[in-house]
Amino acid sequence: MRRWTGAGLLTVVLSAGGAWAQSPETLEAVRLHRAEARTLARQDLQSCMSRKCPDAGRIALLAGTLALAEGDVAEARTLLTGATVAEPLQPYLAYYQGQAHFYAGDAAAAAEAFARAVEKASPALTSRARARLGESLLAAGKAKEAAPALETAATEEPSAELLYQRAQARRATGNAAGEREDLKAVALRYPAHPYADEALAKLGAQKPALKLTLAEHLQRARGLLDAGEAKRTLEELEKAEAAKLARTKQDKAQVALVRAQAFYATGKREEAEQALAVARQGPSAVAAEAAYVTARRALKSDENAKARELMAAVEKTWPKENVADEAGFYVGWLDLQGGRFEEAVKSFTAFDQRHAGSRKRDEAMWYRALAHIRLEQYGKAREVLNTLADTFSRSSLVPQARYWAARSQELEGAKADVTGPAYEAVITTAPNSYYALLATERLRELGRQPPPAFPETPKQLESGEVPPELKLAVALTGAGLFSDAAEEVQARTSRIRNQEQALAFAHALLRLGEYGHAHAVAARHLWGRAFGARVPEALAAFYPRAFANAVESEATRYQVSPFLVWAIMRRESAFRPEVASAADARGLMQVIPPTARAIAKKLSEPEPAPAELFSPSLSIRYGAWYLAQLMKRFSHPALAAAAYNAGPDAAVKWVKEKGALPLDLFVEEIPFRETRGYVKQVLADLYLYQSFYGKEAATQRLSLTVPSPATEGVSF
């Protein structure tokens, strides 16, 4: 089952005051994937049966799905086969009955159950049930009957499994060309999947046997490399060479380029460099890519002088290749990072001339202007910034271009009657941006009253009833089927077609406590209403006081601003408790297990299981504690946000290097792109939350001086 806490819908369910037979403890244990969840569900079922309560079937459904999740197919089959549930849950009962039958080896019974599920399923369940119906019929030896279901399922949501199964069904119906097409798609698109090898074996046994081309071997090799299978990547390349497919110099260079990347991934630097030397002898496109890989390796190793030299060589030697664009940009960026501002101006000017069609032109213009600012060439900076805003009017960099154009005037000595209107324009055109916040502070320094970014604070539409389109999700949550409830909500939100519908739906989700889904609907449909028309009802979905009781309680306990907690939460998870990152950060505040263990130790608590980090209450508590410690050490929300994202050591290093700069310049020169953007959004959101919900919003100011961090304090 997919992770989904269903915290908001669960609140609605539990507020029904005992209307549900499952105990709150059971639902909470299921929601947090706790080990005792299955035992608690069994106890609920036994209690219900002894009392002859009417909800035994629904509890059996939950207990059966938990048994399935733990691989106890026999118990799952026993619990689910005899269960009866109310109409909304009947398709889900049939679906999980099918799962139990299938894994028990009874494919025919599974197919019958899945067919019942398809007959009455909601759109969110239909595609899953249809795919499993096709698979079951196939396993039952009824390939021709399976074909229609698998044709639809594999077309709607192609995957390695469905394509492979459709290939089998196509074979049974005499569609040899379709079978071959599907097997080849599995082998090439999903090379790391176990079915890929089986597909290749079947293709090799056909007459005529399929023989992959060099391009297809390279496609598989790149796919394996992307999947982290470096060793298998090398094996795939060896197969291509054993078949003598790499005949020309160009072929050998292409193989060498992929081989080099695989060698780097396995830590074999010397072999990688030898392979790159071969690749550099190939045609222009391959040679340029190989040289660029070498330059990026130097950049990754913090060999900035070497990286700049190599990037410049790439751009000069292969000016018409795609990588020349990236390389030329990095030349200017490395000049800027190294404090060589005059060289940065020249590099970015040259970039603009050489790469007129580049997607990075607006960013290159911004960095050229920043270099002019650092050289105190304010007029030249303003000229570039105005060109950026005029030429790339839809660029996300326009608010900062306008802010720095105004700031350059002020630094040049212009009076308030000149700079004031320019700062005010930033606030009115980009009210939710970091630069509107900076412009507000600059206006206050000038003794001018900033215009309100938003005339009205967020306003939530009130209604006491669960909307009809969400009643199934509530029923699924009440049954403990949180993953299914999540899919139902997502399916409903995907069918929103206009702003009025989106606004109503977002507020229904807010009332149910589903802040993440509400925010997602707003981000997709209500941006213009919130930040253009400044409609307070639209703003409510973008800036909810999510999990308010927990946030305010923990913020008070640890003496940190609740608005900072919400700002971090908004940036980290967009209010979705189920989120897990590639780095294994989990939950609302995206706490990674090692950090959670360190926090637990500081709080003298037992170490939480990783699954518990999806708990909103635990995530908020740990996040609030950690933010409080960061604020104690760094004394500024910008630095606390930087440390939350990149770590305290990195934040300390940046302050030592550039802490003498005013805050606006300091943030622009944070060397990590992700952290720069993170700090900007967190600061903007923090002060918007304060202005919307703070009782003393007028007294909240953003200090434009970077403080020195304390020597002691949190360091993890």
# chains A, B, ... in the order shown; residues from 1 in each chain; ligands from 1
call {"tool": "residues_around", "arguments": {"residues": "Glu552 (chain A)", "least_positions_apart": "6", "cutoff": "12 Å", "atoms": "only C-alpha atoms", "output": "PyMOL selection string"}}
result
chain A and resi 545-546+558-566+617+620-621+624
call {"tool": "residues_around", "arguments": {"residues": "Pro148 (chain A)", "least_positions_apart": "3", "cutoff": "10 Å", "atoms": "only C-alpha atoms", "output": "list in words"}}
result
Arg130, Gly134, Ala143, Lys144, Glu145, Glu151, Thr152, Ala153, Arg166, Ala169 and Arg170 of chain A
call {"tool": "closest_residue", "arguments": {"among": "A:Pro191, A:Leu162, A:Asp584, A:Leu200", "to": "Leu212 (chain A)", "atoms": "only C-alpha atoms"}}
result
A:Leu200
call {"tool": "closest_residue", "arguments": {"among": "A:Thr81, A:Ser708, A:Thr126, A:Gln165", "to": "Leu183 (chain A)", "atoms": "only C-alpha atoms"}}
result
A:Gln165
call {"tool": "residues_around", "arguments": {"residues": "region 86-103 of chain A", "least_positions_apart": "2", "cutoff": "6 Å", "atoms": "only C-alpha atoms", "output": "compact mmCIF listing (two decimals) with C-alpha atoms, in the first residue's frame"}}
result
# COMPACT_ATOMS: atom_id res chain seq x y z
CA VAL A 73 -2.56 -14.89 2.15
CA ARG A 77 -8.55 -15.06 2.08
CA LEU A 80 -12.25 -11.38 3.04
CA GLY A 105 -2.98 -19.49 -6.49
CA ASP A 106 -6.67 -19.49 -7.43
CA ALA A 107 -6.56 -17.34 -10.55
CA ALA A 110 -9.46 -13.99 -8.53
CA ALA A 113 -13.68 -11.10 -7.91
CA PHE A 114 -11.85 -8.55 -10.04
CA ALA A 117 -14.82 -4.89 -8.72
CA LYS A 120 -19.06 -1.17 -9.72
CA ALA A 121 -15.70 0.53 -9.19
call {"tool": "residues_around", "arguments": {"residues": "Glu236 (chain A)", "least_positions_apart": "4", "cutoff": "9 Å", "atoms": "only C-alpha atoms", "output": "ChimeraX atom specification"}}
result
/A:217-218,220-221,224,231-232,240-241
call {"tool": "write_last_selection", "arguments": {"atoms": "N, CA, C and O atoms", "output": "PDB file, in the first residue's frame"}}
result
ATOM      1  N   HIS A 217      21.016  -1.115 -27.817  1.00  0.00           N
ATOM      2  CA  HIS A 217      21.891  -1.482 -26.703  1.00  0.00           C
ATOM      3  C   HIS A 217      22.246  -0.248 -25.876  1.00  0.00           C
ATOM      4  O   HIS A 217      22.266  -0.296 -24.640  1.00  0.00           O
ATOM      5  N   LEU A 218      22.523   0.857 -26.556  1.00  0.00           N
ATOM      6  CA  LEU A 218      22.861   2.091 -25.840  1.00  0.00           C
ATOM      7  C   LEU A 218      21.660   2.613 -25.059  1.00  0.00           C
ATOM      8  O   LEU A 218      21.811   3.137 -23.948  1.00  0.00           O
ATOM      9  N   ARG A 220      19.315   0.766 -23.722  1.00  0.00           N
ATOM     10  CA  ARG A 220      19.238  -0.074 -22.523  1.00  0.00           C
ATOM     11  C   ARG A 220      20.344   0.292 -21.530  1.00  0.00           C
ATOM     12  O   ARG A 220      20.111   0.359 -20.320  1.00  0.00           O
ATOM     13  N   ALA A 221      21.532   0.548 -22.032  1.00  0.00           N
ATOM     14  CA  ALA A 221      22.651   0.880 -21.144  1.00  0.00           C
ATOM     15  C   ALA A 221      22.387   2.177 -20.393  1.00  0.00           C
ATOM     16  O   ALA A 221      22.633   2.267 -19.182  1.00  0.00           O
ATOM     17  N   LEU A 224      19.762   1.532 -17.717  1.00  0.00           N
ATOM     18  CA  LEU A 224      20.349   0.833 -16.571  1.00  0.00           C
ATOM     19  C   LEU A 224      21.183   1.785 -15.727  1.00  0.00           C
ATOM     20  O   LEU A 224      21.163   1.729 -14.493  1.00  0.00           O
ATOM     21  N   LYS A 231      26.973  -1.661 -13.006  1.00  0.00           N
ATOM     22  CA  LYS A 231      27.620  -2.916 -13.409  1.00  0.00           C
ATOM     23  C   LYS A 231      26.909  -3.535 -14.602  1.00  0.00           C
ATOM     24  O   LYS A 231      27.543  -3.987 -15.569  1.00  0.00           O
ATOM     25  N   ARG A 232      25.580  -3.549 -14.554  1.00  0.00           N
ATOM     26  CA  ARG A 232      24.811  -4.092 -15.682  1.00  0.00           C
ATOM     27  C   ARG A 232      24.940  -3.214 -16.921  1.00  0.00           C
ATOM     28  O   ARG A 232      24.837  -3.696 -18.052  1.00  0.00           O
ATOM     29  N   ALA A 240      27.076  -5.426 -26.740  1.00  0.00           N
ATOM     30  CA  ALA A 240      27.093  -4.717 -28.026  1.00  0.00           C
ATOM     31  C   ALA A 240      28.426  -4.901 -28.737  1.00  0.00           C
ATOM     32  O   ALA A 240      28.476  -5.097 -29.962  1.00  0.00           O
ATOM     33  N   GLU A 241      29.511  -4.845 -27.983  1.00  0.00           N
ATOM     34  CA  GLU A 241      30.836  -4.994 -28.593  1.00  0.00           C
ATOM     35  C   GLU A 241      31.089  -6.439 -29.007  1.00  0.00           C
ATOM     36  O   GLU A 241      31.723  -6.699 -30.031  1.00  0.00           O
TER      37      GLU A 241
END
call {"tool": "residues_around", "arguments": {"residues": "Leu188 (chain A)", "least_positions_apart": "3", "cutoff": "8 Å", "atoms": "only C-alpha atoms", "output": "PyMOL selection string"}}
result
chain A and resi 184-185+191+196+216+219-220
call {"tool": "closest_atom_pairs", "arguments": {"of": "region 382-401 of chain A", "to": "region 359-363 of chain A", "cutoff": "10 Å", "atoms": "only C-alpha atoms", "output": "JSON lines"}}
result
{"residue": "A:Val384", "atom": "CA", "partner": "A:Asp362", "partner_atom": "CA", "distance": 9.9}
{"residue": "A:Leu385", "atom": "CA", "partner": "A:Asp362", "partner_atom": "CA", "distance": 9.4}
{"residue": "A:Thr387", "atom": "CA", "partner": "A:Asp362", "partner_atom": "CA", "distance": 9.3}
{"residue": "A:Leu388", "atom": "CA", "partner": "A:Asp362", "partner_atom": "CA", "distance": 6.0}
{"residue": "A:Ala389", "atom": "CA", "partner": "A:Asp362", "partner_atom": "CA", "distance": 8.7}
{"residue": "A:Thr391", "atom": "CA", "partner": "A:Asp362", "partner_atom": "CA", "distance": 8.4}
{"residue": "A:Phe392", "atom": "CA", "partner": "A:Asp362", "partner_atom": "CA", "distance": 6.7}
{"residue": "A:Ser393", "atom": "CA", "partner": "A:Asp362", "partner_atom": "CA", "distance": 9.8}
{"residue": "A:Ser395", "atom": "CA", "partner": "A:Asp362", "partner_atom": "CA", "distance": 7.3}
{"residue": "A:Ser396", "atom": "CA", "partner": "A:Asp362", "partner_atom": "CA", "distance": 9.2}
{"residue": "A:Leu397", "atom": "CA", "partner": "A:Asp362", "partner_atom": "CA", "distance": 7.4}
{"residue": "A:Val398", "atom": "CA", "partner": "A:Asp362", "partner_atom": "CA", "distance": 9.0}
{"residue": "A:Ala401", "atom": "CA", "partner": "A:Asp362", "partner_atom": "CA", "distance": 9.9}
call {"tool": "residues_around", "arguments": {"residues": "Leu702 (chain A)", "least_positions_apart": "3", "cutoff": "9 Å", "atoms": "only C-alpha atoms", "output": "PyMOL selection string"}}
result
chain A and resi 437-438+441+636-637+683+687+705
call {"tool": "write_last_selection", "arguments": {"atoms": "C-alpha atoms", "output": "PDB file, in the first residue's frame"}}
result
ATOM      1  CA  LEU A 437       9.199  41.472   1.178  1.00  0.00           C
ATOM      2  CA  LEU A 438      12.551  43.140   0.485  1.00  0.00           C
ATOM      3  CA  GLU A 441      11.599  46.722   4.129  1.00  0.00           C
ATOM      4  CA  HIS A 636      17.760  35.048  11.653  1.00  0.00           C
ATOM      5  CA  PRO A 637      15.075  33.160   9.706  1.00  0.00           C
ATOM      6  CA  LEU A 683      11.158  34.128   3.960  1.00  0.00           C
ATOM      7  CA  TYR A 687       6.178  37.137   6.463  1.00  0.00           C
ATOM      8  CA  THR A 705      21.826  42.586   8.418  1.00  0.00           C
TER       9      THR A 705
END
call {"tool": "residues_around", "arguments": {"residues": "Met569 (chain A)", "least_positions_apart": "2", "cutoff": "10 Å", "atoms": "only C-alpha atoms", "output": "list in words"}}
result
Ala546, Phe563, Leu564, Val565, Trp566, Ala567, Arg571, Glu572, Ser573, Ala574, Phe575, Arg576, Pro577, Gly587, Leu588, Met589, Gln590, Ser619, Ile620, Gly623 and Val682 of chain A
call {"tool": "select_by_dssp", "arguments": {"residues": "region 665-704 of chain A", "states": "alpha helix (DSSP H)", "output": "short mmCIF file (atom, residue, chain, number, x, y, z; two decimals) with N, CA, C and O atoms, in the first residue's frame"}}
result
data_model
loop_
_atom_site.label_atom_id
_atom_site.label_comp_id
_atom_site.auth_asym_id
_atom_site.auth_seq_id
_atom_site.Cartn_x
_atom_site.Cartn_y
_atom_site.Cartn_z
N LEU A 665 22.01 40.85 -0.78
CA LEU A 665 23.14 40.35 -1.55
C LEU A 665 23.63 39.01 -1.03
O LEU A 665 24.02 38.13 -1.81
N PHE A 666 23.63 38.83 0.27
CA PHE A 666 24.07 37.56 0.86
C PHE A 666 23.26 36.40 0.30
O PHE A 666 23.81 35.37 -0.11
N VAL A 667 21.94 36.56 0.26
CA VAL A 667 21.09 35.48 -0.23
C VAL A 667 21.36 35.21 -1.71
O VAL A 667 21.42 34.05 -2.14
N GLU A 668 21.55 36.27 -2.50
CA GLU A 668 21.82 36.07 -3.92
C GLU A 668 23.11 35.30 -4.16
O GLU A 668 23.27 34.66 -5.20
N ARG A 673 21.97 26.58 -5.77
CA ARG A 673 20.74 27.07 -6.38
C ARG A 673 19.51 26.67 -5.56
O ARG A 673 18.62 27.47 -5.31
N GLU A 674 19.47 25.40 -5.14
CA GLU A 674 18.30 24.92 -4.39
C GLU A 674 18.13 25.71 -3.10
O GLU A 674 17.02 26.12 -2.75
N THR A 675 19.24 25.94 -2.39
CA THR A 675 19.14 26.64 -1.11
C THR A 675 18.76 28.10 -1.31
O THR A 675 18.00 28.66 -0.51
N ARG A 676 19.28 28.74 -2.35
CA ARG A 676 18.89 30.13 -2.64
C ARG A 676 17.38 30.22 -2.79
O ARG A 676 16.72 31.06 -2.18
N GLY A 677 16.82 29.36 -3.64
CA GLY A 677 15.38 29.39 -3.86
C GLY A 677 14.60 29.05 -2.61
O GLY A 677 13.55 29.63 -2.34
N TYR A 678 15.13 28.12 -1.85
CA TYR A 678 14.48 27.69 -0.60
C TYR A 678 14.39 28.84 0.38
O TYR A 678 13.33 29.12 0.94
N VAL A 679 15.50 29.54 0.59
CA VAL A 679 15.53 30.65 1.55
C VAL A 679 14.56 31.75 1.10
O VAL A 679 13.80 32.31 1.92
N LYS A 680 14.55 32.04 -0.16
CA LYS A 680 13.67 33.10 -0.66
C LYS A 680 12.20 32.76 -0.42
O LYS A 680 11.41 33.60 0.03
N GLN A 681 11.82 31.52 -0.74
CA GLN A 681 10.41 31.17 -0.57
C GLN A 681 10.02 31.12 0.90
O GLN A 681 8.94 31.59 1.29
N VAL A 682 10.89 30.55 1.74
CA VAL A 682 10.56 30.46 3.16
C VAL A 682 10.39 31.85 3.77
O VAL A 682 9.45 32.10 4.52
N LEU A 683 11.28 32.77 3.43
CA LEU A 683 11.16 34.13 3.96
C LEU A 683 9.86 34.79 3.49
O LEU A 683 9.15 35.43 4.27
N ALA A 684 9.57 34.65 2.20
CA ALA A 684 8.34 35.24 1.68
C ALA A 684 7.12 34.67 2.39
O ALA A 684 6.22 35.40 2.83
N ASP A 685 7.09 33.34 2.53
CA ASP A 685 5.94 32.70 3.15
C ASP A 685 5.85 33.04 4.64
O ASP A 685 4.75 33.24 5.18
N LEU A 686 6.99 33.11 5.32
CA LEU A 686 7.00 33.45 6.74
C LEU A 686 6.33 34.80 6.98
O LEU A 686 5.44 34.93 7.85
N TYR A 687 6.71 35.80 6.22
CA TYR A 687 6.18 37.14 6.46
C TYR A 687 4.75 37.29 5.93
O TYR A 687 3.98 38.09 6.45
N LEU A 688 4.37 36.49 4.93
CA LEU A 688 2.97 36.50 4.52
C LEU A 688 2.10 35.87 5.61
O LEU A 688 1.03 36.39 5.94
N TYR A 689 2.55 34.75 6.15
CA TYR A 689 1.80 34.13 7.25
C TYR A 689 1.64 35.11 8.41
O TYR A 689 0.57 35.22 9.02
N GLN A 690 2.73 35.80 8.75
CA GLN A 690 2.66 36.79 9.83
C GLN A 690 1.67 37.89 9.52
O GLN A 690 0.90 38.31 10.38
N SER A 691 1.70 38.38 8.28
CA SER A 691 0.79 39.48 7.93
C SER A 691 -0.66 39.01 7.89
O SER A 691 -1.58 39.77 8.20
N PHE A 692 -0.88 37.74 7.50
CA PHE A 692 -2.24 37.23 7.42
C PHE A 692 -2.83 36.91 8.79
O PHE A 692 -4.00 37.19 9.07
N TYR A 693 -2.01 36.30 9.65
CA TYR A 693 -2.56 35.72 10.87
C TYR A 693 -1.94 36.24 12.16
O TYR A 693 -2.42 35.90 13.24
#
